[in-house]
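Asks: I'd like to ask some things about the structure below.
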Amino acid sequence: MERAAERSPLAGLSLAGLSIGGRSEPLTLAAAQRTSSANIYWEMPKHDTEIRLVDTLEGLAAAAELLPLCDACGIDAEWQPGQAEPAAALLQVALRMYDSGKCVAVVLDMLALPHEELRQFVAALLTDTAILKLGYGLAYDLWAVAERLGGTACV
């Protein structure tokens, strides 16, 4: 019988490159207990990070090719302030490559890219069980993404 830990997207993921609350100490239970619960978060490594601004179908296709190569990602959405029902304008996805630990930050211009292709990218990202998804207020960000792309059925 396969153990749950072997099926988990966390299996094999090293926490050595992550930190708590911006501190440089390793991620451990003791370190977490010394940090207030309001300041606990995982931080993607800042070294060796490539940033890609994506506003074309070619750029989106290149970003989609990275998904099978990553084991964890940070997700954040941005929208214009003051909207009663925010619709995401930018989707930022920091992808951690499993083989090298390198991080590729993909910033998707949701106003410039076609919705159908964006839906496909978002669906591929969110349904890949091998990728650990991290985010602060992630449910609200995904709701804003769904608003931009035409409803919750797409995310």
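The way I read the labels, and the way they are meant: chains A, B, ... in the order of the structure tokens, residue 1 as the first residue of every chain, and ligand 1 as the first ligand shown, with later ones counted on from there.
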Find the residues near range 136-144 of chain A: any atom within 6 Å, counting only C-alpha atoms, skip ones fewer than 6 places away on the same chain, and give them as a list of chain:residue names.
Replies: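 Answer for this query is A:Ala77, A:Pro86, A:Ala87, A:Ala88.
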Asks: Write down as a list in words the residues of range 82-148 of chain A whose backbone DSSP state falls under strand (DSSP E or B).
Replies: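 Put together, the selection reads Leu90, Leu91, Gln92, Val93, Ala94, Leu95, Arg96, Met97, Cys103, Val104, Ala105, Val106, Val107, Leu108, Asp109, Leu132, Lys133 and Leu134 of chain A.
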Asks: So which residues touch range 91-107 of chain A within 10 Å, counting only C-alpha atoms, skipping near sequence neighbours fewer than 4 positions away, as a PyMOL selection string?
Replies: chain A and resi 12-14+17+44-55+59-60+63+66-79+122+125+131-135+141-142+144-145
Asks: Report, in Å to a single decimal, how far apart CA of Thr56 in chain A and CA of Gly82 in chain A are.
Replies: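 These atoms are spaced 27.4 Å apart.
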